[in-house]
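Asks: Dropping in start-v9.cif, which is mmCIF, C-alpha atoms:
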```
data_final
loop_
_atom_site.label_atom_id
_atom_site.label_comp_id
_atom_site.auth_asym_id
_atom_site.auth_seq_id
_atom_site.Cartn_x
_atom_site.Cartn_y
_atom_site.Cartn_z
CA MET A 24 134.93 68.58 240.94
CA SER A 25 132.89 71.80 240.71
CA ASN A 26 130.21 72.15 238.05
CA ARG A 27 130.37 75.93 238.24
CA PRO A 28 131.31 77.70 234.99
CA PRO A 29 134.91 78.97 234.88
CA HIS A 30 133.80 82.56 234.35
CA SER A 31 130.60 84.61 234.39
CA ILE A 32 129.27 88.10 233.79
CA ALA A 33 126.03 89.86 234.70
CA VAL A 34 124.72 93.24 233.54
CA HIS A 35 121.85 95.61 234.33
CA GLY A 36 120.16 98.56 232.67
CA GLY A 37 118.87 100.35 235.76
CA ALA A 38 116.08 99.90 238.28
CA GLY A 39 113.05 102.12 237.79
CA ARG A 40 109.61 102.45 236.30
CA ALA A 41 108.34 99.85 233.85
CA SER A 42 108.04 100.95 230.23
CA ALA A 43 104.94 99.94 228.27
CA ASP A 44 106.71 100.58 224.96
CA PRO A 45 107.65 97.27 223.24
CA ALA A 46 110.27 99.06 221.15
CA HIS A 47 111.97 100.30 224.32
CA ALA A 48 112.07 96.78 225.73
CA GLN A 49 113.49 95.42 222.49
CA ARG A 50 116.23 98.04 222.38
CA ALA A 51 117.06 97.40 226.03
CA ALA A 52 117.32 93.66 225.38
CA GLU A 53 119.58 94.28 222.38
CA GLY A 54 121.83 96.48 224.51
CA LEU A 55 122.07 93.86 227.24
CA ARG A 56 122.89 91.14 224.69
CA ALA A 57 125.61 93.29 223.14
CA ALA A 58 127.08 93.91 226.59
CA LEU A 59 127.06 90.22 227.51
CA ALA A 60 128.63 89.34 224.16
CA ALA A 61 131.42 91.89 224.57
CA GLY A 62 132.23 90.96 228.16
CA GLY A 63 131.58 87.25 227.83
CA ASP A 64 133.74 86.86 224.74
CA LEU A 65 136.62 88.57 226.53
CA LEU A 66 136.29 86.21 229.48
CA ALA A 67 136.12 83.17 227.18
CA ALA A 68 139.34 84.30 225.52
CA GLY A 69 141.12 84.47 228.88
CA GLY A 70 140.56 88.17 229.56
CA SER A 71 140.29 89.63 233.03
CA ALA A 72 137.10 90.43 234.91
CA LEU A 73 138.14 94.09 234.87
CA GLU A 74 138.44 94.11 231.08
CA ALA A 75 135.12 92.30 230.78
CA VAL A 76 133.03 94.71 232.88
CA VAL A 77 134.49 97.70 231.06
CA ALA A 78 133.73 96.12 227.67
CA ALA A 79 130.18 95.38 228.78
CA VAL A 80 129.48 98.86 230.13
CA ARG A 81 131.05 100.41 227.06
CA GLU A 82 128.29 98.76 225.00
CA LEU A 83 125.61 99.91 227.42
CA GLU A 84 126.88 103.50 227.24
CA ARG A 85 126.51 103.33 223.45
CA CYS A 86 123.01 101.87 223.49
CA GLU A 87 121.14 105.24 223.79
CA VAL A 88 118.14 103.68 225.56
CA PHE A 89 119.80 103.70 228.99
CA ASP A 90 120.72 106.61 231.26
CA ALA A 91 124.48 106.33 230.68
CA GLY A 92 126.81 107.77 228.06
CA ARG A 93 125.01 108.81 224.88
CA GLY A 94 121.32 109.26 225.66
CA SER A 95 121.77 110.25 229.31
CA VAL A 96 119.20 112.37 231.10
CA LEU A 97 119.66 116.11 231.64
CA ASP A 98 120.06 118.25 234.74
CA SER A 99 117.82 121.23 235.47
CA ASP A 100 119.98 123.46 233.25
CA GLY A 101 119.58 121.08 230.30
CA HIS A 102 123.12 119.72 230.46
CA VAL A 103 124.60 116.24 230.79
CA ALA A 104 126.96 115.36 233.64
CA LEU A 105 128.12 111.76 233.54
CA ASP A 106 129.57 109.56 236.29
CA ALA A 107 131.31 106.18 235.93
CA ALA A 108 133.49 103.89 238.02
CA VAL A 109 135.27 100.55 237.97
CA MET A 110 136.63 98.42 240.82
CA GLU A 111 138.61 95.18 240.82
CA GLY A 112 138.55 92.64 243.61
CA ALA A 113 142.15 91.43 243.82
CA ALA A 114 143.53 94.58 245.48
CA ARG A 115 140.38 96.75 245.70
CA ARG A 116 141.78 99.17 243.14
CA ALA A 117 139.15 101.61 241.91
CA GLY A 118 138.85 104.48 239.48
CA GLY A 119 136.05 106.86 238.63
CA VAL A 120 135.00 110.13 237.03
CA VAL A 121 132.07 112.40 237.95
CA GLY A 122 130.41 115.37 236.30
CA VAL A 123 131.93 114.91 232.83
CA ALA A 124 130.35 115.83 229.50
CA ARG A 125 133.17 115.77 226.92
CA ILE A 126 134.36 112.17 227.32
CA ALA A 127 132.86 109.87 224.68
CA GLN A 128 132.88 106.82 226.97
CA PRO A 129 133.08 107.69 230.67
CA ILE A 130 133.79 104.07 231.63
CA ASP A 131 137.06 104.24 229.67
CA ALA A 132 138.09 107.29 231.69
CA ALA A 133 137.26 105.45 234.92
CA LEU A 134 139.49 102.57 233.83
CA ALA A 135 142.28 105.02 232.98
CA VAL A 136 142.06 106.54 236.47
CA LEU A 137 142.30 103.07 238.03
CA ARG A 138 145.28 102.08 235.92
CA GLU A 139 147.12 105.36 236.47
CA GLY A 140 146.84 104.60 240.15
CA ARG A 141 147.44 107.93 241.90
CA HIS A 142 143.79 108.78 242.49
CA VAL A 143 140.44 107.05 242.85
CA LEU A 144 138.02 109.75 241.68
CA LEU A 145 138.39 112.75 239.36
CA ALA A 146 135.70 115.37 238.74
CA GLY A 147 134.56 117.75 236.04
CA ASP A 148 137.13 119.67 234.02
CA GLY A 149 140.03 117.94 235.75
CA ALA A 150 138.66 114.54 234.80
CA GLU A 151 138.21 115.67 231.21
CA ARG A 152 141.76 117.01 231.01
CA PHE A 153 143.01 113.70 232.40
CA ALA A 154 141.02 111.77 229.78
CA ARG A 155 142.31 113.96 226.96
CA ALA A 156 145.91 113.49 228.12
CA ALA A 157 145.29 109.73 228.26
CA GLY A 158 144.33 109.77 224.59
CA LEU A 159 140.67 108.92 225.08
CA ALA A 160 138.01 109.92 222.55
CA MET A 161 136.54 113.34 223.34
CA VAL A 162 133.27 114.86 222.11
CA GLU A 163 131.19 118.00 222.41
CA PRO A 164 128.60 117.75 225.21
CA ASP A 165 125.71 117.74 222.72
CA TYR A 166 126.94 114.36 221.46
CA HIS A 167 125.39 112.75 224.53
CA ILE A 168 122.05 114.61 224.29
CA LEU A 169 119.11 113.11 222.39
CA PRO A 170 115.95 115.11 221.49
CA GLU A 171 113.74 112.83 223.58
CA ARG A 172 115.80 113.68 226.66
CA ARG A 173 115.09 117.40 226.17
CA ALA A 174 111.38 116.60 225.95
CA GLN A 175 111.65 114.43 229.06
CA LEU A 176 113.30 117.27 230.99
CA ALA A 177 110.50 119.70 230.10
CA ARG A 178 107.90 117.14 231.15
CA VAL A 179 109.57 116.35 234.48
CA ILE A 180 110.06 120.03 235.33
CA GLY A 181 106.43 120.71 234.43
CA GLU A 182 105.21 117.89 236.67
CA ARG A 183 107.68 118.78 239.45
CA ALA A 184 108.49 115.08 239.60
CA ARG A 185 111.71 113.24 240.25
CA ALA A 186 112.60 110.60 237.67
CA GLY A 187 115.46 108.15 237.57
CA GLY A 188 116.29 104.72 236.23
CA GLY A 189 118.58 103.62 233.45
CA THR A 190 121.94 103.54 235.25
CA VAL A 191 123.98 100.66 233.82
CA GLY A 192 126.43 98.24 235.38
CA ALA A 193 128.29 94.96 235.11
CA VAL A 194 129.92 92.46 237.44
CA ALA A 195 132.22 89.63 236.37
CA ARG A 196 134.37 86.75 237.59
CA ASP A 197 137.23 85.55 235.41
CA ALA A 198 138.88 82.14 235.11
CA ALA A 199 141.53 83.16 237.66
CA GLY A 200 138.81 83.78 240.26
CA HIS A 201 139.09 87.56 240.24
CA LEU A 202 136.01 89.78 240.52
CA ALA A 203 135.31 93.23 239.11
CA ALA A 204 132.42 95.70 238.90
CA ALA A 205 131.61 98.71 236.73
CA THR A 206 128.82 101.30 236.86
CA SER A 207 127.92 104.27 234.64
CA THR A 208 125.12 106.83 234.88
CA GLY A 209 123.73 110.12 233.70
CA GLY A 210 122.01 110.72 237.04
CA LEU A 211 118.47 111.90 237.77
CA VAL A 212 116.37 113.98 235.40
CA ALA A 213 116.24 117.67 236.37
CA ARG A 214 118.71 117.22 239.22
CA HIS A 215 120.54 120.25 240.59
CA PRO A 216 123.71 120.96 238.57
CA GLY A 217 126.76 119.56 240.32
CA ARG A 218 124.91 116.72 242.02
CA VAL A 219 127.01 113.58 242.57
CA ALA A 220 125.30 110.29 243.37
CA ASP A 221 126.43 106.82 244.36
CA SER A 222 127.44 105.24 241.05
CA ALA A 223 131.10 106.31 241.12
CA LEU A 224 131.57 105.96 244.89
CA PRO A 225 133.21 102.70 246.05
CA GLY A 226 131.17 101.28 248.90
CA SER A 227 127.96 102.99 247.80
CA GLY A 228 127.16 102.18 244.17
CA ILE A 229 130.02 99.83 243.38
CA TRP A 230 132.20 97.26 245.14
CA ALA A 231 134.53 94.35 244.37
CA ASP A 232 136.55 92.07 246.62
CA ASP A 233 137.65 88.61 245.51
CA ALA A 234 136.97 87.23 249.00
CA THR A 235 133.29 88.19 249.03
CA CYS A 236 131.47 89.71 246.07
CA ALA A 237 131.22 92.23 243.26
CA VAL A 238 128.27 94.66 243.31
CA SER A 239 126.81 97.25 240.93
CA ALA A 240 123.87 99.25 242.31
CA THR A 241 121.10 101.29 240.71
CA GLY A 242 118.43 103.57 242.15
CA VAL A 243 118.09 106.98 243.77
CA GLY A 244 121.72 107.50 244.69
CA GLU A 245 121.33 109.69 247.76
CA PHE A 246 119.81 106.80 249.68
CA PHE A 247 122.48 104.34 248.52
CA ILE A 248 125.17 106.74 249.75
CA ARG A 249 123.48 107.14 253.13
CA ALA A 250 123.13 103.36 253.44
CA GLY A 251 126.68 102.60 252.30
CA PHE A 252 124.87 100.03 250.20
CA ALA A 253 127.56 98.12 248.30
CA ARG A 254 129.85 97.87 251.32
CA ASP A 255 126.86 96.79 253.40
CA VAL A 256 126.34 93.85 251.04
CA ASP A 257 130.02 92.94 251.41
CA ALA A 258 129.91 93.24 255.21
CA ARG A 259 126.88 90.98 255.52
CA VAL A 260 128.71 88.29 253.53
CA ARG A 261 132.07 88.85 255.22
CA TYR A 262 131.10 89.28 258.86
CA ALA A 263 127.57 87.91 259.23
CA GLY A 264 128.04 84.85 257.02
CA ARG A 265 125.04 85.67 254.84
CA ASP A 266 124.71 84.13 251.41
CA LEU A 267 124.89 86.81 248.73
CA ALA A 268 121.18 86.80 247.86
CA THR A 269 120.23 87.37 251.50
CA ALA A 270 122.90 90.06 251.87
CA CYS A 271 121.57 91.96 248.85
CA ALA A 272 117.98 91.70 250.09
CA GLU A 273 118.88 92.91 253.58
CA ALA A 274 121.02 95.77 252.30
CA LEU A 275 118.27 96.92 249.93
CA ALA A 276 115.80 96.78 252.81
CA GLY A 277 118.13 99.20 254.57
CA VAL A 278 117.86 101.56 251.59
CA ALA A 279 114.07 101.24 251.67
CA ALA A 280 114.04 102.04 255.40
CA LEU A 281 115.63 105.39 254.54
CA GLY A 282 112.96 106.08 251.92
CA GLY A 283 114.85 104.92 248.83
CA SER A 284 114.36 102.28 246.18
CA GLY A 285 116.41 100.55 243.51
CA GLY A 286 118.31 97.35 242.99
CA CYS A 287 121.60 95.68 242.26
CA ILE A 288 123.39 92.90 240.48
CA ALA A 289 126.07 90.97 242.32
CA LEU A 290 128.43 88.05 241.86
CA ALA A 291 129.60 85.82 244.69
CA ALA A 292 133.24 84.82 245.02
CA GLN A 293 132.31 81.50 243.41
CA GLY A 294 130.65 83.24 240.46
CA ASP A 295 126.95 82.81 241.29
CA ALA A 296 124.86 85.79 240.12
CA VAL A 297 122.24 87.63 242.18
CA PHE A 298 119.63 90.09 240.87
CA HIS A 299 117.60 92.01 243.44
CA PHE A 300 115.36 95.06 243.06
CA ASP A 301 112.24 96.59 244.60
CA THR A 302 111.19 98.73 241.62
CA PRO A 303 108.75 97.72 238.87
CA GLU A 304 111.55 96.94 236.44
CA MET A 305 115.29 96.30 236.16
CA PRO A 306 116.57 95.11 232.75
CA ARG A 307 119.18 92.46 233.46
CA GLY A 308 121.12 89.58 231.98
CA VAL A 309 123.77 86.97 232.69
CA ARG A 310 126.17 84.80 230.75
CA ALA A 311 127.94 81.98 232.56
CA GLY A 312 130.80 80.14 230.90
CA GLY A 313 129.80 78.79 227.50
CA GLU A 314 126.08 79.05 228.21
CA ALA A 315 123.79 81.19 226.09
CA PRO A 316 123.05 84.66 227.46
CA ARG A 317 119.87 84.98 229.53
CA ILE A 318 117.94 88.26 229.51
CA ALA A 319 114.98 89.65 231.47
CA ILE A 320 113.36 93.07 231.12
CA HIS A 321 110.10 92.82 233.06
CA GLY A 322 109.02 90.83 236.09
CA ARG A 323 110.93 89.34 238.98
CA GLY A 324 113.42 86.55 239.33
CA ASP A 325 116.57 85.59 237.50
CA PRO A 326 116.88 85.98 233.72
CA ALA A 327 115.58 82.93 231.86
#
```
Let me see the file written as structure tokens.
Replies:
Amino acid sequence: MSNRPPHSIAVHGGAGRASADPAHAQRAAEGLRAALAAGGDLLAAGGSALEAVVAAVRELERCEVFDAGRGSVLDSDGHVALDAAVMEGAARRAGGVVGVARIAQPIDAALAVLREGRHVLLAGDGAERFARAAGLAMVEPDYHILPERRAQLARVIGERARAGGGTVGAVARDAAGHLAAATSTGGLVARHPGRVADSALPGSGIWADDATCAVSATGVGEFFIRAGFARDVDARVRYAGRDLATACAEALAGVAALGGSGGCIALAAQGDAVFHFDTPEMPRGVRAGGEAPRIAIHGRGDPA
């Protein structure tokens, strides 16, 4: 008889630079705990992995400390443009939105695209019209913009630097053995308007297949697209017989070979969680079955 928990969920708050601000770390930990509570409680009540990852990411989009939903970073014009996606592992159904600013919770729009079923990815105004017709909560773009993000934009432009980090994601396995993944992001600070990264692209920033794994990636998206990162993890498990931890490490090494950096969370078909990143920090957490949530903000290794 297996000792593995009947269900599990893992979340992340983005791979990037370490913050020396204790208040930032505390807020990040609170956001991760809220996400694990929302998703974990759904799983414990018999909910699906798909419902659980959406519930978890919904909390992370609300947190304001991460680069997703309210509190997202700004492009070079000072605007938000949000991307989000979900994918379930039973039939590889996926749904996503890119370049939206008027949807209160982009992850809800991604789920609506998946459930509607005709398309995988909707962009910009068309995605917003779809969300409005689906009855989702809509907002003015300024709802997502916090004063500290305007200050951050001015600083990054002044330094001519590229800054990222703060993308959020979740992966889950439900009691029926189904996997799902969700990812949401505001992108890079001061990026060119119209830029689309990996977060909403199945096979790059997100993946789920019940036979292998569920993956949510974080990092500089251009490199994850070029590496086909999430599908690379799947292929190493599926075709090369790698365990999931090795597959994630090898796939991330492929990103690094292209000049990129970042990380991922992943769940194996049996529900074991993997956390792998090559940046100074990746806030992360896991909740397995009836166990207490485990959170880590700094350092390496699994949450304790």
Asks: Got a sec to resolve the PyMOL selection byres ((chain A and resi 28) around 6) on this structure and send the residues as a list of chain:residue names?
Replies: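 For this structure, the PyMOL selection byres ((chain A and resi 28) around 6) captures A:Arg27, A:Pro29, A:His30, A:Ala311, A:Gly312.
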Asks: Set the distance at 9 Å and use all atoms listed in the file: which residues neighbour Ala199 in chain A once local chain neighbours fewer than 2 positions away are removed? I'd like the list as JSON, numbers by chain.
Replies: {"A": [29, 30, 69, 71, 72, 196, 197, 201]}
Asks: Just C-alpha atoms for this one: save the residues we selected as a PDB file, keeping the file's coordinate frame.
Replies:
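This is the output file out11.pdb:
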```pdb
ATOM      1  CA  PRO A  29     134.910  78.970 234.880  1.00  0.00           C
ATOM      2  CA  HIS A  30     133.800  82.560 234.350  1.00  0.00           C
ATOM      3  CA  GLY A  69     141.120  84.470 228.880  1.00  0.00           C
ATOM      4  CA  SER A  71     140.290  89.630 233.030  1.00  0.00           C
ATOM      5  CA  ALA A  72     137.100  90.430 234.910  1.00  0.00           C
ATOM      6  CA  ARG A 196     134.370  86.750 237.590  1.00  0.00           C
ATOM      7  CA  ASP A 197     137.230  85.550 235.410  1.00  0.00           C
ATOM      8  CA  HIS A 201     139.090  87.560 240.240  1.00  0.00           C
TER       9      HIS A 201
END
```
Asks: How many Å lie between CA of Val191 in chain A and CA of Arg141 in chain A, rounded to one decimal?
Replies: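 The value is 25.9 Å.
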Asks: Find the residues around Glu87 in chain A up to 10 Å (only C-alpha atoms counted), leave out those fewer than 5 positions away in its own chain, and share them as an MDAnalysis selection string.
Replies: chainID A and resid 50:51 54 82 92:95 167:169
Asks: May I have a table of the residues of range 208-321 of chain A lying at most 12 Å from range 147-152 of chain A, giving each one's closest pair of atoms and their distance in Å to one decimal, counting all atoms listed in the file, ordered by chain and ascending residue number, as a tab-separated table?
Replies:
```
residue	atom	partner	partner_atom	distance
A:Pro216	CA	A:Gly147	CA	11.6
A:Gly217	CA	A:Gly147	CA	9.1
A:Arg218	CA	A:Gly147	CA	11.4
A:Val219	CA	A:Gly147	CA	10.8
```
Asks: Report, in Å with one decimal, the straight-line distance from CA of Gly209 in chain A to CA of Gly283 in chain A.
Replies: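 If I compute the distance from CA of Gly209 in chain A to CA of Gly283 in chain A, I get 18.3 Å.
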Asks: Could you pull out every residue with an atom within 9 Å of (135.7, 87.9, 238.9), file coordinates, counting only C-alpha atoms, and send them as a PyMOL selection string?
Replies: chain A and resi 30-32+71-73+111-113+194-204+231-233+236-237+290-294
Asks: Grab the CA of Pro164 in chain A to CA of Ala124 in chain A distance for me, in Å with one decimal place.
Replies: 5.0 Å
Asks: Check the smallest atom-to-atom distance from each of A:Val256, A:Ala79, A:Ile288, A:Ala193 to Ala276 in chain A using all atoms listed in the file, then report the winner.
Replies: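 When distances to Ala276 in chain A are compared using all atoms listed in the file, the smallest one comes from A:Val256.
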Asks: The PyMOL selection byres ((chain A and resi 133-138) around 7) on the file shown: which residues, as a list in words?
Replies: Ala107, Ala108, Val109, Arg116, Ala117, Gly118, Gly119, Val120, Pro129, Ile130, Asp131, Ala132, Glu139, Gly140, His142 and Val143 of chain A
Asks: Pick out the residues sitting within 10 Å of Ala58 in chain A, and hand them over as a VMD selection string; count only C-alpha atoms, and ignore anything fewer than 3 positions along from it in its own chain.
Replies: chain A and resid 32 to 35 52 to 55 61 to 64 75 to 86 192 to 193 308 to 309
Asks: Name the closest residue to Ala57 in chain A among the candidates A:Arg317, A:Ser227, A:Ala91, A:Gly70; distances are taken between atoms, counting all atoms listed in the file.
Replies: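 For Ala57 in chain A, the nearest of the given residues is A:Arg317.
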Asks: Identify all residues satisfying the PyMOL selection byres ((chain A and resi 48) around 12) in the given file; provide them as a PyMOL selection string.
Replies: chain A and resi 36+41-47+49-55+88-89+304-307+318-321
Asks: Starting from the sparse input, extend range 92-114 of chain A to N, CA and C atoms and give the output as a PDB file, keeping the file's coordinate frame.
Replies:
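Generated file (out-v4.pdb):
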```pdb
ATOM      1  N   GLY A  92     126.180 107.433 229.326  1.00  0.00           N
ATOM      2  CA  GLY A  92     126.810 107.770 228.060  1.00  0.00           C
ATOM      3  C   GLY A  92     125.849 108.507 227.144  1.00  0.00           C
ATOM      4  N   ARG A  93     125.883 108.162 225.852  1.00  0.00           N
ATOM      5  CA  ARG A  93     125.010 108.810 224.880  1.00  0.00           C
ATOM      6  C   ARG A  93     123.547 108.454 225.176  1.00  0.00           C
ATOM      7  N   GLY A  94     122.715 109.487 225.309  1.00  0.00           N
ATOM      8  CA  GLY A  94     121.320 109.260 225.660  1.00  0.00           C
ATOM      9  C   GLY A  94     121.023 109.480 227.129  1.00  0.00           C
ATOM     10  N   SER A  95     121.989 110.011 227.879  1.00  0.00           N
ATOM     11  CA  SER A  95     121.770 110.250 229.310  1.00  0.00           C
ATOM     12  C   SER A  95     120.747 111.359 229.541  1.00  0.00           C
ATOM     13  N   VAL A  96     120.174 111.350 230.736  1.00  0.00           N
ATOM     14  CA  VAL A  96     119.200 112.370 231.100  1.00  0.00           C
ATOM     15  C   VAL A  96     119.909 113.692 231.397  1.00  0.00           C
ATOM     16  N   LEU A  97     119.118 114.762 231.503  1.00  0.00           N
ATOM     17  CA  LEU A  97     119.660 116.110 231.640  1.00  0.00           C
ATOM     18  C   LEU A  97     119.386 116.678 233.025  1.00  0.00           C
ATOM     19  N   ASP A  98     120.293 117.557 233.470  1.00  0.00           N
ATOM     20  CA  ASP A  98     120.060 118.250 234.740  1.00  0.00           C
ATOM     21  C   ASP A  98     119.104 119.412 234.516  1.00  0.00           C
ATOM     22  N   SER A  99     118.824 120.177 235.566  1.00  0.00           N
ATOM     23  CA  SER A  99     117.820 121.230 235.470  1.00  0.00           C
ATOM     24  C   SER A  99     118.220 122.365 234.540  1.00  0.00           C
ATOM     25  N   ASP A 100     119.509 122.466 234.216  1.00  0.00           N
ATOM     26  CA  ASP A 100     119.980 123.460 233.250  1.00  0.00           C
ATOM     27  C   ASP A 100     119.973 122.936 231.822  1.00  0.00           C
ATOM     28  N   GLY A 101     119.596 121.671 231.635  1.00  0.00           N
ATOM     29  CA  GLY A 101     119.580 121.080 230.300  1.00  0.00           C
ATOM     30  C   GLY A 101     120.909 120.531 229.851  1.00  0.00           C
ATOM     31  N   HIS A 102     121.793 120.228 230.791  1.00  0.00           N
ATOM     32  CA  HIS A 102     123.120 119.720 230.460  1.00  0.00           C
ATOM     33  C   HIS A 102     123.274 118.267 230.916  1.00  0.00           C
ATOM     34  N   VAL A 103     124.239 117.570 230.302  1.00  0.00           N
ATOM     35  CA  VAL A 103     124.600 116.240 230.790  1.00  0.00           C
ATOM     36  C   VAL A 103     125.774 116.379 231.759  1.00  0.00           C
ATOM     37  N   ALA A 104     125.826 115.473 232.720  1.00  0.00           N
ATOM     38  CA  ALA A 104     126.960 115.360 233.640  1.00  0.00           C
ATOM     39  C   ALA A 104     127.034 113.881 234.014  1.00  0.00           C
ATOM     40  N   LEU A 105     128.044 113.215 233.498  1.00  0.00           N
ATOM     41  CA  LEU A 105     128.120 111.760 233.540  1.00  0.00           C
ATOM     42  C   LEU A 105     129.093 111.276 234.606  1.00  0.00           C
ATOM     43  N   ASP A 106     128.721 110.194 235.275  1.00  0.00           N
ATOM     44  CA  ASP A 106     129.570 109.560 236.290  1.00  0.00           C
ATOM     45  C   ASP A 106     129.812 108.104 235.887  1.00  0.00           C
ATOM     46  N   ALA A 107     131.001 107.589 236.189  1.00  0.00           N
ATOM     47  CA  ALA A 107     131.310 106.180 235.930  1.00  0.00           C
ATOM     48  C   ALA A 107     132.426 105.729 236.853  1.00  0.00           C
ATOM     49  N   ALA A 108     132.444 104.435 237.157  1.00  0.00           N
ATOM     50  CA  ALA A 108     133.490 103.890 238.020  1.00  0.00           C
ATOM     51  C   ALA A 108     133.716 102.418 237.727  1.00  0.00           C
ATOM     52  N   VAL A 109     134.928 101.964 238.037  1.00  0.00           N
ATOM     53  CA  VAL A 109     135.270 100.550 237.970  1.00  0.00           C
ATOM     54  C   VAL A 109     136.009 100.189 239.257  1.00  0.00           C
ATOM     55  N   MET A 110     135.912  98.911 239.647  1.00  0.00           N
ATOM     56  CA  MET A 110     136.630  98.420 240.820  1.00  0.00           C
ATOM     57  C   MET A 110     136.973  96.966 240.599  1.00  0.00           C
ATOM     58  N   GLU A 111     138.199  96.585 240.960  1.00  0.00           N
ATOM     59  CA  GLU A 111     138.610  95.180 240.820  1.00  0.00           C
ATOM     60  C   GLU A 111     138.841  94.582 242.194  1.00  0.00           C
ATOM     61  N   GLY A 112     138.598  93.270 242.309  1.00  0.00           N
ATOM     62  CA  GLY A 112     138.550  92.640 243.610  1.00  0.00           C
ATOM     63  C   GLY A 112     139.843  92.077 244.141  1.00  0.00           C
ATOM     64  N   ALA A 113     140.902  92.020 243.338  1.00  0.00           N
ATOM     65  CA  ALA A 113     142.150  91.430 243.820  1.00  0.00           C
ATOM     66  C   ALA A 113     142.834  92.325 244.842  1.00  0.00           C
ATOM     67  N   ALA A 114     142.864  93.630 244.579  1.00  0.00           N
ATOM     68  CA  ALA A 114     143.530  94.580 245.480  1.00  0.00           C
ATOM     69  C   ALA A 114     142.629  95.761 245.826  1.00  0.00           C
TER      70      ALA A 114
END
```
